[in-house]
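Novice: Shown below is the structure under consideration.
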Amino acid sequence: MLESFPVTFEMLLVLGILVLTVFLSLSNFIRVDVVALLVLVILGITRLLPPEQLFSGFSSDAVMSLISVMIIGAGLEKSGIALRIARWILKLGRQRPNKINMVLMLSSGFLSAFMRSLGTVALLLPVVTRITMRTGIPKSRLLIPIAFCSILGGTLTMIGSSPLILLNSLLKNSNQYAHQYIDTLTSFHLFSVLPLGAILLTIGILYLLLVGRRLLPVEPIKSYSSGTTKTHFQKTYGKGGDIFEVKVLPNSDLIGLNLREVEDRLDTSSSILAVINGQEIYFPPQRKIIIEADSKLAIMGHKEIVTDFAEKHGLKVKPRLNMFAELLHPVKAGLCEAVLPPSSQLIGRELRELHMKRTHQLHVLAVYRGQTVYAGEELKNIILRSGDTLGMFCQWEALADFDKNPDFVVVTTAYPREELRPRKNKYALFFFVLSLILIVFGGFPVSVGLLLGAAGIIATGVLTIDEAYASVSWKTVFLVAGLIPLGLAMQATHTADWLTHYFMMFQAGAPVWLTQFALAVLATLLSFAISNVGATIVLIPVALQLAINVGADPKIYALIVAIASSNTFMMPNQQVNALIAGPGGYHTKDFLKIGSGMTILYWIAMLAVINLLF
């Protein structure tokens, strides 16, 4: 009877804290990481945990794994590996959002079968950043599908998720307990769950494509600092506007002209920033470049002026940047200024002698002197003076190098300083693969394998130590570390035991399918409170006893617990969801809204397939 396991005051406190945590997380009154810190404070004040356990979350495997995968992901981004993967995905997706999303989801699901969902999302997170830069698709439209498919992909093999890895070990430990009722519990082999996982992944992808994408938040892409503002540049130099991609049609009268001749026909307020001829990209473009049929031009100017120019000269204006999207994205390039100081050794020299495009990769659009602006052909013969201000367009990497030139003072300071290190990509890839090998085949804990990969990336110079610190989302760290002690409190006060005891008494006499469904729901709910690993450990003994009571196969019930414990779509405090919440700009309600449908489908499909195939 239920009275044989009385409710204590400590249990009521823990349940109250749990309810408060869920309420605050769903209401968005305060940030979720602050909620986690409040949980720590309340647990400490109520003395539900001793001090040595209260802050144990900060040294837990989960937190160290999170920190490590963030550093590894930043290393893959910095070394250019993420860029290569992004280009491959864009090629397969043919620049179409739905196809790109499909390729990302399939990639996420397949990779998670062997490298865990957390590592998969960490690998794809910088890839998504590159795709967003290239296509303009907001991260909020891509990250939840990737995260959900990584969770689903973890059910493809017995090493894809922590509960499935634990399952065989727990079955082995349970043999001594269960031998008087059943035969020896045998282990699952590596691909025992492949049919189940494949069906779950397929259903999940269909749900995300047909239903989930309609529920995803439509967040604007985060604005990046683009150096000198358009308004200031327009006011000072008479240059500005938006950037348009235009294609040279076969009947264009610009074919055969060099870039200088084309610029002479262009309005002085507009500028040609880049040119693509075939497979060759010219940025900044030399004025001797010959325009060909099907050449692409990136023109900065006002829409009406560029449209008129295109109609007059046989050009087609694209609706958005495509070939130039990544090259000219504000996070990579923009408007900037530099001043000639009195100490410059270039005073008295002609600007054209400096070959700014070829030597420094800088496109000088105009020179401001006193109240006079020089642009176009006037730049050809201008002699530099002290105080001249050069209005330019360039990539930020080139501007960072130019900033070291003592003959100029770069006055544009608010720009992203992105520095890729392609020479380090072998080191980044080596330590990433090594960490996976150690985890999958070496038997090392996930945290140890990932930490080795992160340490290797820092030691070999893929990232500096400061860049590694900056790559960590400390909001996510505090969120996870703050909530782990709540799970410890549930176990220390026997709240988890009380819940499972109550469940076992409640299910007496219920139909088998209802018992299985209730077990799956309980496993999912407990995974929110005490992690999927904790839920698996707590509920496997319960599942075995339930199976014995109803005369069913205990392995089936144990498998239900392990699979259902991974059903963590609805809450942002789970590791995978926590990793994408910040970059995607998601709130708790987003996970609840999209994840609730996925959760129900997951339960139904899981139970149907397990009972049919196992």
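Identifiers in this document derive from the order of the structure tokens: chains are assigned A, B, ..., residues are numbered from 1 separately in each chain, and ligands are numbered from 1 in order of occurrence.
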Write out as a count of residues only which residues come within 9 Å of region 245-252 of chain A when counting only C-alpha atoms, dropping same-chain ones fewer than 2 positions away.
Specialist: 27
Novice: Just want the 8 Å neighbourhood of Phe569 (chain A), counted on only C-alpha atoms, with same-chain residues fewer than 2 positions away dropped. Output as a PDB file with all heavy atoms, in the first residue's frame.
Specialist:
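Contents of the output file selection-v1.pdb:
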```pdb
ATOM      1  N   PHE A 148      16.896  17.784 -32.545  1.00  0.00           N
ATOM      2  CA  PHE A 148      15.920  16.701 -32.404  1.00  0.00           C
ATOM      3  C   PHE A 148      16.371  15.452 -33.164  1.00  0.00           C
ATOM      4  O   PHE A 148      16.227  14.328 -32.674  1.00  0.00           O
ATOM      5  CB  PHE A 148      14.551  17.152 -32.895  1.00  0.00           C
ATOM      6  CG  PHE A 148      13.823  18.054 -31.921  1.00  0.00           C
ATOM      7  CD1 PHE A 148      14.481  18.602 -30.829  1.00  0.00           C
ATOM      8  CD2 PHE A 148      12.488  18.366 -32.100  1.00  0.00           C
ATOM      9  CE1 PHE A 148      13.819  19.436 -29.934  1.00  0.00           C
ATOM     10  CE2 PHE A 148      11.805  19.198 -31.209  1.00  0.00           C
ATOM     11  CZ  PHE A 148      12.480  19.730 -30.122  1.00  0.00           C
ATOM     12  N   ASN A 567      13.787  10.663 -24.633  1.00  0.00           N
ATOM     13  CA  ASN A 567      12.700  11.485 -25.181  1.00  0.00           C
ATOM     14  C   ASN A 567      12.718  12.852 -24.493  1.00  0.00           C
ATOM     15  O   ASN A 567      11.820  13.201 -23.724  1.00  0.00           O
ATOM     16  CB  ASN A 567      11.365  10.761 -24.947  1.00  0.00           C
ATOM     17  CG  ASN A 567      10.209  11.429 -25.667  1.00  0.00           C
ATOM     18  OD1 ASN A 567      10.360  12.473 -26.287  1.00  0.00           O
ATOM     19  ND2 ASN A 567       9.040  10.817 -25.570  1.00  0.00           N
ATOM     20  N   MET A 571      12.213  20.252 -23.062  1.00  0.00           N
ATOM     21  CA  MET A 571      12.795  21.160 -22.078  1.00  0.00           C
ATOM     22  C   MET A 571      14.179  21.632 -22.517  1.00  0.00           C
ATOM     23  O   MET A 571      14.952  20.857 -23.065  1.00  0.00           O
ATOM     24  CB  MET A 571      12.895  20.474 -20.709  1.00  0.00           C
ATOM     25  CG  MET A 571      11.554  20.136 -20.105  1.00  0.00           C
ATOM     26  SD  MET A 571      10.526  21.594 -19.800  1.00  0.00           S
ATOM     27  CE  MET A 571      11.430  22.343 -18.442  1.00  0.00           C
ATOM     28  N   ASN A 577      19.590  20.388 -26.064  1.00  0.00           N
ATOM     29  CA  ASN A 577      18.752  21.579 -26.180  1.00  0.00           C
ATOM     30  C   ASN A 577      19.422  22.800 -25.563  1.00  0.00           C
ATOM     31  O   ASN A 577      19.305  23.915 -26.070  1.00  0.00           O
ATOM     32  CB  ASN A 577      17.396  21.333 -25.511  1.00  0.00           C
ATOM     33  CG  ASN A 577      16.571  20.296 -26.248  1.00  0.00           C
ATOM     34  OD1 ASN A 577      16.842  19.974 -27.401  1.00  0.00           O
ATOM     35  ND2 ASN A 577      15.576  19.745 -25.585  1.00  0.00           N
ATOM     36  N   PHE A 591      10.630  25.078 -27.243  1.00  0.00           N
ATOM     37  CA  PHE A 591      10.857  23.646 -27.075  1.00  0.00           C
ATOM     38  C   PHE A 591       9.559  22.937 -26.691  1.00  0.00           C
ATOM     39  O   PHE A 591       9.296  21.830 -27.162  1.00  0.00           O
ATOM     40  CB  PHE A 591      11.926  23.407 -26.005  1.00  0.00           C
ATOM     41  CG  PHE A 591      13.307  23.813 -26.425  1.00  0.00           C
ATOM     42  CD1 PHE A 591      13.866  24.999 -25.978  1.00  0.00           C
ATOM     43  CD2 PHE A 591      14.048  23.015 -27.279  1.00  0.00           C
ATOM     44  CE1 PHE A 591      15.136  25.378 -26.359  1.00  0.00           C
ATOM     45  CE2 PHE A 591      15.323  23.383 -27.671  1.00  0.00           C
ATOM     46  CZ  PHE A 591      15.871  24.571 -27.205  1.00  0.00           C
ATOM     47  N   LEU A 592       8.770  23.576 -25.832  1.00  0.00           N
ATOM     48  CA  LEU A 592       7.521  22.963 -25.399  1.00  0.00           C
ATOM     49  C   LEU A 592       6.542  22.838 -26.560  1.00  0.00           C
ATOM     50  O   LEU A 592       5.886  21.808 -26.741  1.00  0.00           O
ATOM     51  CB  LEU A 592       6.907  23.793 -24.273  1.00  0.00           C
ATOM     52  CG  LEU A 592       5.689  23.208 -23.574  1.00  0.00           C
ATOM     53  CD1 LEU A 592       6.045  21.887 -22.900  1.00  0.00           C
ATOM     54  CD2 LEU A 592       5.140  24.190 -22.543  1.00  0.00           C
ATOM     55  N   GLY A 595       8.354  20.440 -29.238  1.00  0.00           N
ATOM     56  CA  GLY A 595       8.730  19.151 -28.668  1.00  0.00           C
ATOM     57  C   GLY A 595       7.573  18.325 -28.172  1.00  0.00           C
ATOM     58  O   GLY A 595       7.685  17.091 -28.072  1.00  0.00           O
ATOM     59  N   SER A 596       6.447  18.954 -27.839  1.00  0.00           N
ATOM     60  CA  SER A 596       5.317  18.181 -27.308  1.00  0.00           C
ATOM     61  C   SER A 596       4.778  17.209 -28.349  1.00  0.00           C
ATOM     62  O   SER A 596       4.495  16.040 -28.043  1.00  0.00           O
ATOM     63  CB  SER A 596       4.212  19.130 -26.827  1.00  0.00           C
ATOM     64  OG  SER A 596       3.803  19.996 -27.882  1.00  0.00           O
ATOM     65  N   MET A 598       6.431  16.020 -30.932  1.00  0.00           N
ATOM     66  CA  MET A 598       7.464  15.017 -31.155  1.00  0.00           C
ATOM     67  C   MET A 598       7.465  13.981 -30.026  1.00  0.00           C
ATOM     68  O   MET A 598       7.641  12.777 -30.263  1.00  0.00           O
ATOM     69  CB  MET A 598       8.829  15.699 -31.249  1.00  0.00           C
ATOM     70  CG  MET A 598       9.995  14.742 -31.439  1.00  0.00           C
ATOM     71  SD  MET A 598      10.013  13.988 -33.070  1.00  0.00           S
ATOM     72  CE  MET A 598      10.761  15.321 -34.005  1.00  0.00           C
ATOM     73  N   THR A 599       7.266  14.447 -28.805  1.00  0.00           N
ATOM     74  CA  THR A 599       7.263  13.546 -27.646  1.00  0.00           C
ATOM     75  C   THR A 599       6.156  12.510 -27.747  1.00  0.00           C
ATOM     76  O   THR A 599       6.373  11.312 -27.513  1.00  0.00           O
ATOM     77  CB  THR A 599       7.103  14.364 -26.351  1.00  0.00           C
ATOM     78  OG1 THR A 599       8.222  15.229 -26.200  1.00  0.00           O
ATOM     79  CG2 THR A 599       6.991  13.463 -25.137  1.00  0.00           C
TER      80      THR A 599
END
```
Novice: As a list in words, which residues of region 278-358 of chain A does DSSP assign to strand (DSSP E)?
Specialist: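 Answer for region 278-358 of chain A restricted to strand (DSSP E) is Glu280, Ile281, Tyr282, Lys296, Leu297, Ala298, Ile299, Met300, Gly301, Leu315, Lys316, Val317, Ala333, Gly334, Leu335, Cys336, Glu337, Ala338 and Val339 of chain A.
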Novice: Could you write out that same residue set with N, CA, C and O atoms as a CSV table (one decimal), in the first residue's frame?
Specialist:
```csv
chain,number,residue,atom,x,y,z
A,280,GLU,N,36.4,32.0,-61.3
A,280,GLU,CA,37.3,32.9,-60.7
A,280,GLU,C,36.6,34.0,-60.0
A,280,GLU,O,35.6,34.6,-60.5
A,281,ILE,N,37.0,34.3,-58.7
A,281,ILE,CA,36.4,35.4,-57.9
A,281,ILE,C,37.4,36.5,-57.8
A,281,ILE,O,38.5,36.2,-57.3
A,282,TYR,N,37.0,37.7,-58.1
A,282,TYR,CA,37.9,38.8,-58.0
A,282,TYR,C,37.4,39.8,-56.9
A,282,TYR,O,36.4,40.4,-57.1
A,296,LYS,N,29.2,37.6,-63.0
A,296,LYS,CA,28.4,38.1,-61.9
A,296,LYS,C,29.1,39.4,-61.3
A,296,LYS,O,30.3,39.3,-61.1
A,297,LEU,N,28.3,40.4,-61.0
A,297,LEU,CA,28.9,41.6,-60.4
A,297,LEU,C,28.2,41.9,-59.1
A,297,LEU,O,26.9,41.7,-59.0
A,298,ALA,N,28.9,42.3,-58.1
A,298,ALA,CA,28.3,42.7,-56.9
A,298,ALA,C,28.4,44.3,-56.9
A,298,ALA,O,29.5,44.8,-56.8
A,299,ILE,N,27.3,44.9,-56.9
A,299,ILE,CA,27.2,46.4,-57.1
A,299,ILE,C,26.6,47.0,-55.8
A,299,ILE,O,25.5,46.5,-55.4
A,300,MET,N,27.3,47.9,-55.2
A,300,MET,CA,26.7,48.6,-54.1
A,300,MET,C,26.1,49.9,-54.6
A,300,MET,O,26.8,50.7,-55.2
A,301,GLY,N,24.9,50.2,-54.2
A,301,GLY,CA,24.2,51.4,-54.6
A,301,GLY,C,22.8,51.4,-54.2
A,301,GLY,O,22.3,50.4,-53.6
A,315,LEU,N,21.5,43.5,-67.9
A,315,LEU,CA,21.9,42.8,-66.7
A,315,LEU,C,20.6,42.3,-66.0
A,315,LEU,O,19.6,42.9,-66.1
A,316,LYS,N,20.8,41.2,-65.2
A,316,LYS,CA,19.6,40.7,-64.4
A,316,LYS,C,20.0,40.8,-63.0
A,316,LYS,O,21.0,40.3,-62.5
A,317,VAL,N,19.1,41.5,-62.2
A,317,VAL,CA,19.3,41.7,-60.8
A,317,VAL,C,18.7,40.5,-60.0
A,317,VAL,O,17.6,40.2,-60.2
A,333,ALA,N,32.9,41.3,-44.3
A,333,ALA,CA,33.4,42.5,-45.0
A,333,ALA,C,32.5,43.6,-44.8
A,333,ALA,O,31.3,43.5,-44.4
A,334,GLY,N,33.0,44.8,-45.1
A,334,GLY,CA,32.1,46.0,-45.0
A,334,GLY,C,32.9,47.3,-45.3
A,334,GLY,O,34.1,47.3,-45.7
A,335,LEU,N,32.2,48.4,-45.1
A,335,LEU,CA,32.8,49.7,-45.3
A,335,LEU,C,33.7,50.1,-44.1
A,335,LEU,O,33.5,49.8,-43.0
A,336,CYS,N,34.8,50.8,-44.5
A,336,CYS,CA,35.8,51.2,-43.4
A,336,CYS,C,36.5,52.5,-43.9
A,336,CYS,O,36.4,52.9,-45.0
A,337,GLU,N,37.3,53.1,-42.9
A,337,GLU,CA,38.0,54.3,-43.2
A,337,GLU,C,39.4,54.2,-42.6
A,337,GLU,O,39.6,53.6,-41.6
A,338,ALA,N,40.3,54.9,-43.2
A,338,ALA,CA,41.7,55.1,-42.7
A,338,ALA,C,42.2,56.5,-43.0
A,338,ALA,O,41.8,57.1,-44.1
A,339,VAL,N,42.9,57.1,-42.1
A,339,VAL,CA,43.4,58.4,-42.3
A,339,VAL,C,45.0,58.4,-42.4
A,339,VAL,O,45.7,57.6,-41.8
```
Novice: Quick one: residues within 12 Å of Leu463 (chain A), only C-alpha atoms, excluding same-chain residues fewer than 2 positions away - as number ranges by chain?
Specialist: A: 70-79, 419-422, 424-425, 427-428, 453-461, 465-471
Novice: Pick from A:Gln345, A:Ser187, A:Ser192, A:Ser59: nearest to Leu613 (chain A), with only C-alpha atoms counted?
Specialist: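 Using only C-alpha atoms, Leu613 (chain A) sits closest to A:Ser192.
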Novice: Skipping near chain neighbours, those fewer than 4 positions away, what residues fall within 12 Å of Val103 (chain A) using only C-alpha atoms, listed as a list in words?
Specialist: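 So, after excluding close chain neighbours, the residues are Ile85, Ala86, Arg87, Trp88, Ile89, Leu90, Lys91, Leu92, Gly93, Arg94, Gln95, Arg96, Pro97, Asn98, Lys99, Ser107, Ser108, Gly109, Phe110, Leu124, Val128, Leu142, Pro145, Ile146, Cys149, Ile205 and Leu209 of chain A.
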Novice: Would you save the residues of that selection, restricted to C-alpha atoms, as a compact mmCIF listing (two decimals), in the first residue's frame?
Specialist:
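Saved the output as part13.txt:
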```txt
# COMPACT_ATOMS: atom_id res chain seq x y z
CA ILE A 85 31.19 20.90 -44.44
CA ALA A 86 28.84 23.86 -44.94
CA ARG A 87 29.81 24.12 -48.61
CA TRP A 88 29.20 20.38 -49.07
CA ILE A 89 25.76 20.64 -47.46
CA LEU A 90 24.92 23.71 -49.55
CA LYS A 91 25.95 21.84 -52.69
CA LEU A 92 23.72 18.89 -51.83
CA GLY A 93 20.88 21.21 -50.79
CA ARG A 94 21.23 23.31 -53.95
CA GLN A 95 20.74 26.50 -51.94
CA ARG A 96 17.11 25.55 -51.20
CA PRO A 97 16.11 25.91 -47.52
CA ASN A 98 14.00 22.73 -47.35
CA LYS A 99 16.68 20.59 -48.99
CA SER A 107 23.56 14.17 -41.32
CA SER A 108 22.71 14.84 -37.69
CA GLY A 109 20.78 11.59 -37.32
CA PHE A 110 23.45 9.43 -38.94
CA LEU A 124 27.13 21.09 -36.85
CA VAL A 128 24.92 26.20 -39.38
CA LEU A 142 17.77 25.00 -38.47
CA PRO A 145 15.57 20.15 -36.32
CA ILE A 146 19.28 19.29 -36.02
CA CYS A 149 17.37 14.48 -35.15
CA ILE A 205 12.05 14.04 -39.91
CA LEU A 209 9.22 18.91 -42.25
```
Novice: At a cut-off of 12 Å, using only C-alpha atoms, what residues contact Leu354 (chain A)? Leave out same-chain residues fewer than 4 positions from it and give the result as a VMD selection string.
Specialist: chain A and resid 345 to 350 358 to 364 379 to 384 407
Novice: Give me the residues within 8 Å of Lys139 (chain A) as a list in words, counting only C-alpha atoms and dropping any in the same chain fewer than 5 places off.
Specialist: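 In the requested form, the answer reads Val128, Thr129, Thr132, Ile221, Pro583 and Gly584 of chain A.
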Novice: May I have the residues from that selection written out with C-alpha atoms, as an mmCIF file, in the first residue's frame?
Specialist:
```cif
data_model
loop_
_atom_site.group_PDB
_atom_site.id
_atom_site.type_symbol
_atom_site.label_atom_id
_atom_site.label_comp_id
_atom_site.auth_asym_id
_atom_site.auth_seq_id
_atom_site.Cartn_x
_atom_site.Cartn_y
_atom_site.Cartn_z
ATOM 1 C CA VAL A 128 24.916 26.198 -39.377
ATOM 2 C CA THR A 129 26.581 29.558 -38.711
ATOM 3 C CA THR A 132 23.216 31.229 -42.247
ATOM 4 C CA ILE A 221 19.414 37.056 -38.271
ATOM 5 C CA PRO A 583 22.655 30.433 -30.595
ATOM 6 C CA GLY A 584 19.112 29.803 -31.843
#
```
